[in-house]
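K.L.:
Dropping the structure in here first, questions after.
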Amino acid sequence: MKLAIASGKGGTGKTMVAVNLAFTLSQTERVTLVDCDVEEPNLHLFFPAPGITTEVTVPVPVVDETTCDHCGRCEEVCQYGAMTVLRNRVLFFPELCHSCGGCTLVCPNGAIHEEPKRIGTITISTPLPNLKLISGMLDTGNPHAVPIIRAAKNLAANDPLVICDTAPGTSCPVVETLDGCDACILVTESTPFGLHDLRLAVEVAARLGVPTGIVINRSDGKDQATIEFCMDHDLDVMMTIPFDREIAAIQSRGDLLCRVRPEWQTAFTALFIKCGAITGVQR
Amino acid sequence: MKICITSQGATLDAPVEERFGRAPFFIIIDSGTGSFTAIENQFARGAGGVGPKAAQVLIAQDVKVLISGQVGGNAREVLAAAGIAMYTYRSGGTVKDAFDQFTKNTLELST
């Protein structure tokens, strides 16, 4: 089973849910935790361990100006404005390139070939005997998170139980992470912002056909608007975590709620069972 | 010589648009005859990479001078490589005012 933990709004507690769910489940089975928030990965802070790091590259075009006759076909095919053909030279903007390969395909003179360009890294570690952590990290200044997320998820493709911590928001990195997951846990908070962004995230998950359940975090007991939204949209509130200074303190020092307060493991096990129920996946 | 001024509308009375790649219109004035044409910028609402694409429109029109508020890095590289001079206009006036200031040499060359 492959689970995604997402939120829409940032700072609702995705990471808190992801690390505690992974820790709890790893007490009894093999778990792979994938940090798909590659622009600011942080799961390794909760599970420090030595790891093996590999580079992630994407193919980018290189133009041979001696064979190029500046016909402009590559510029026409590029949907991202990455190729500009002038009368006597070609300008290439690597940060606009999506590595689609179109320019290389259409060049009638074979003047374009592709070379790998590093955009980030993936680190694999084993912080606990039953826990594999795969952390994607985008290089600073690089705009394309998606290839790193794809590579990180691929490394977990054959693992039996995978938990993906997504980036906040509802844009490409979130779509890439949710795509192909069996279930999505949306972590929200009972604030107007939390509900606003939850609404957007629910739409994205629905569009991708990923069954979704809700976790309300930092609840002050006044969750009526969120609960009503969930009822209207036939979404289960699978867990409610109270607003609690001790929980915040544990999380803030990089510790795990379920390690410090093992009684919480029951709740996270139940959350996992409910995820299985919303997917209908037989395990 | 053809001069392009980024504009919010299709006439000389329209306000100058300070953005280059996302300008709704390019007003191209022939400094010799004083005649002008308005080109709607089809990339104005594009998702990304609009700067270089908009620059290509100017190159295709054989424009020699661009007057705009701000030109982004990628567009600037294309325009510079094509030998198009860039002038900055941020007075908040009309296309006609920008053109007049250019003729009086009071606009600043942007490098």
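Residues are referred to by chain and number: the chain letter is A, B, ... according to the order shown in the structure tokens, the number counts from 1 in that chain, and ligands are numbered separately from 1 in the order shown.
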Give me, as a list of chain:residue names, the residues of segment 142-236 of chain A that a backbone DSSP run labels strand (DSSP E or B).

P.N.:
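For segment 142-236 of chain A, the strand (DSSP E or B) set is A:Val162, A:Ile163, A:Cys164, A:Asp165, A:Gly169, A:Ala183, A:Cys184, A:Ile185, A:Leu186, A:Val187, A:Thr188, A:Glu189, A:Thr212, A:Gly213, A:Ile214, A:Val215, A:Ile216, A:Asn217, A:Arg218, A:Ser219, A:Asp236.
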
K.L.:
Given the selection you just returned, output its residues as a file containing N, CA and C atoms, formatted as a PDB file, in the first residue's frame.

P.N.:
ATOM      1  N   VAL A 162       4.490   1.996   1.694  1.00  0.00           N
ATOM      2  CA  VAL A 162       5.207   3.245   1.418  1.00  0.00           C
ATOM      3  C   VAL A 162       4.382   4.428   1.916  1.00  0.00           C
ATOM      4  N   ILE A 163       5.036   5.326   2.655  1.00  0.00           N
ATOM      5  CA  ILE A 163       4.377   6.544   3.126  1.00  0.00           C
ATOM      6  C   ILE A 163       5.119   7.738   2.516  1.00  0.00           C
ATOM      7  N   CYS A 164       4.398   8.537   1.730  1.00  0.00           N
ATOM      8  CA  CYS A 164       5.011   9.701   1.073  1.00  0.00           C
ATOM      9  C   CYS A 164       4.564  10.977   1.765  1.00  0.00           C
ATOM     10  N   ASP A 165       5.537  11.750   2.245  1.00  0.00           N
ATOM     11  CA  ASP A 165       5.239  13.061   2.819  1.00  0.00           C
ATOM     12  C   ASP A 165       5.313  14.071   1.678  1.00  0.00           C
ATOM     13  N   GLY A 169       0.644  22.815  -0.449  1.00  0.00           N
ATOM     14  CA  GLY A 169       0.098  23.380  -1.675  1.00  0.00           C
ATOM     15  C   GLY A 169      -0.641  22.341  -2.491  1.00  0.00           C
ATOM     16  N   ALA A 183      -4.056   5.795  -1.168  1.00  0.00           N
ATOM     17  CA  ALA A 183      -4.875   6.634  -0.289  1.00  0.00           C
ATOM     18  C   ALA A 183      -4.100   7.891   0.068  1.00  0.00           C
ATOM     19  N   CYS A 184      -4.855   8.924   0.427  1.00  0.00           N
ATOM     20  CA  CYS A 184      -4.247  10.196   0.799  1.00  0.00           C
ATOM     21  C   CYS A 184      -4.817  10.644   2.139  1.00  0.00           C
ATOM     22  N   ILE A 185      -3.921  10.978   3.058  1.00  0.00           N
ATOM     23  CA  ILE A 185      -4.341  11.565   4.324  1.00  0.00           C
ATOM     24  C   ILE A 185      -4.131  13.074   4.199  1.00  0.00           C
ATOM     25  N   LEU A 186      -5.198  13.842   4.351  1.00  0.00           N
ATOM     26  CA  LEU A 186      -5.054  15.293   4.326  1.00  0.00           C
ATOM     27  C   LEU A 186      -5.075  15.808   5.766  1.00  0.00           C
ATOM     28  N   VAL A 187      -3.974  16.424   6.158  1.00  0.00           N
ATOM     29  CA  VAL A 187      -3.863  16.955   7.515  1.00  0.00           C
ATOM     30  C   VAL A 187      -4.303  18.414   7.476  1.00  0.00           C
ATOM     31  N   THR A 188      -5.238  18.769   8.343  1.00  0.00           N
ATOM     32  CA  THR A 188      -5.741  20.142   8.319  1.00  0.00           C
ATOM     33  C   THR A 188      -5.797  20.707   9.734  1.00  0.00           C
ATOM     34  N   GLU A 189      -6.063  21.991   9.821  1.00  0.00           N
ATOM     35  CA  GLU A 189      -6.270  22.629  11.114  1.00  0.00           C
ATOM     36  C   GLU A 189      -7.573  23.418  11.022  1.00  0.00           C
ATOM     37  N   THR A 212      -9.502   9.595  -0.070  1.00  0.00           N
ATOM     38  CA  THR A 212      -8.947  10.562   0.874  1.00  0.00           C
ATOM     39  C   THR A 212      -9.652  10.532   2.223  1.00  0.00           C
ATOM     40  N   GLY A 213      -8.874  10.668   3.284  1.00  0.00           N
ATOM     41  CA  GLY A 213      -9.408  10.841   4.624  1.00  0.00           C
ATOM     42  C   GLY A 213      -8.730  12.033   5.283  1.00  0.00           C
ATOM     43  N   ILE A 214      -9.328  12.499   6.386  1.00  0.00           N
ATOM     44  CA  ILE A 214      -8.882  13.750   6.993  1.00  0.00           C
ATOM     45  C   ILE A 214      -8.325  13.507   8.399  1.00  0.00           C
ATOM     46  N   VAL A 215      -7.249  14.227   8.720  1.00  0.00           N
ATOM     47  CA  VAL A 215      -6.760  14.300  10.102  1.00  0.00           C
ATOM     48  C   VAL A 215      -6.857  15.765  10.527  1.00  0.00           C
ATOM     49  N   ILE A 216      -7.552  16.025  11.618  1.00  0.00           N
ATOM     50  CA  ILE A 216      -7.599  17.386  12.157  1.00  0.00           C
ATOM     51  C   ILE A 216      -6.524  17.486  13.228  1.00  0.00           C
ATOM     52  N   ASN A 217      -5.597  18.416  13.027  1.00  0.00           N
ATOM     53  CA  ASN A 217      -4.490  18.591  13.959  1.00  0.00           C
ATOM     54  C   ASN A 217      -4.671  19.904  14.729  1.00  0.00           C
ATOM     55  N   ARG A 218      -4.028  19.972  15.908  1.00  0.00           N
ATOM     56  CA  ARG A 218      -4.093  21.163  16.763  1.00  0.00           C
ATOM     57  C   ARG A 218      -5.539  21.580  17.023  1.00  0.00           C
ATOM     58  N   SER A 219      -6.377  20.592  17.277  1.00  0.00           N
ATOM     59  CA  SER A 219      -7.791  20.888  17.486  1.00  0.00           C
ATOM     60  C   SER A 219      -8.001  21.572  18.835  1.00  0.00           C
ATOM     61  N   ASP A 236     -14.043  10.925   5.640  1.00  0.00           N
ATOM     62  CA  ASP A 236     -13.905  10.496   7.031  1.00  0.00           C
ATOM     63  C   ASP A 236     -12.912  11.375   7.782  1.00  0.00           C
TER      64      ASP A 236
END

K.L.:
Extract the full set of helix (DSSP H, G or I) residues from segment 125-172 of chain A according to DSSP on the backbone, and format it as a PyMOL selection string.

P.N.:
chain A and resi 146-155+172

K.L.:
Given the choices A:Arg87, A:Ala267, A:Asn20, A:Arg30, which gets closest to Asp62 of chain B if the distance is worked out from only C-alpha atoms?

P.N.:
A:Arg87

K.L.:
May I ask for the distance between atom CA of Asn158 of chain A and atom CA of Gly13 of chain A, given in Å to one decimal place?

P.N.:
27.4 Å

K.L.:
Based on only C-alpha atoms, which of the residues in chain A come within 8 Å of chain B? I want them as a ChimeraX atom specification.

P.N.:
/A:80-82,84,86,91,93,96

K.L.:
Do you have the atom CA of Val175 of chain A-atom CA of Asp223 of chain A distance handy?

P.N.:
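Calculated distance between atom CA of Val175 of chain A and atom CA of Asp223 of chain A is 27.2 Å.
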
K.L.:
Write out as a ChimeraX atom specification which residues come within 7 Å of Arg73 of chain A when counting only C-alpha atoms, dropping same-chain ones fewer than 3 positions away.

P.N.:
/A:76-77,106-107

K.L.:
Write a file of the selected residues as an mmCIF file, in the first residue's frame, keeping C-alpha atoms.

P.N.:
data_model
loop_
_atom_site.group_PDB
_atom_site.id
_atom_site.type_symbol
_atom_site.label_atom_id
_atom_site.label_comp_id
_atom_site.auth_asym_id
_atom_site.auth_seq_id
_atom_site.Cartn_x
_atom_site.Cartn_y
_atom_site.Cartn_z
ATOM 1 C CA GLU A 76 8.586 26.136 -32.393
ATOM 2 C CA VAL A 77 8.220 22.816 -30.608
ATOM 3 C CA VAL A 106 12.435 17.569 -34.319
ATOM 4 C CA CYS A 107 15.908 18.842 -35.246
#

K.L.:
Give me the residues near Cys4 of chain B as a PyMOL selection string, where near means some atom within 6 Å (using only C-alpha atoms) and where sequence neighbours in that chain fewer than 2 positions away do not count.

P.N.:
chain B and resi 27-28+66

K.L.:
Work out how far atom CA of Thr12 of chain A is from atom CA of Leu271 of chain A, in Å to one decimal.

P.N.:
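Value for the atom CA of Leu271 of chain A-atom CA of Thr12 of chain A distance: 16.9 Å.
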
K.L.:
Which residue gives the smallest distance to Ala167 of chain A among A:Gly120, A:Gly180, A:Pro211, A:Gly136, with only C-alpha atoms counted?

P.N.:
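Closest candidate: A:Gly136.
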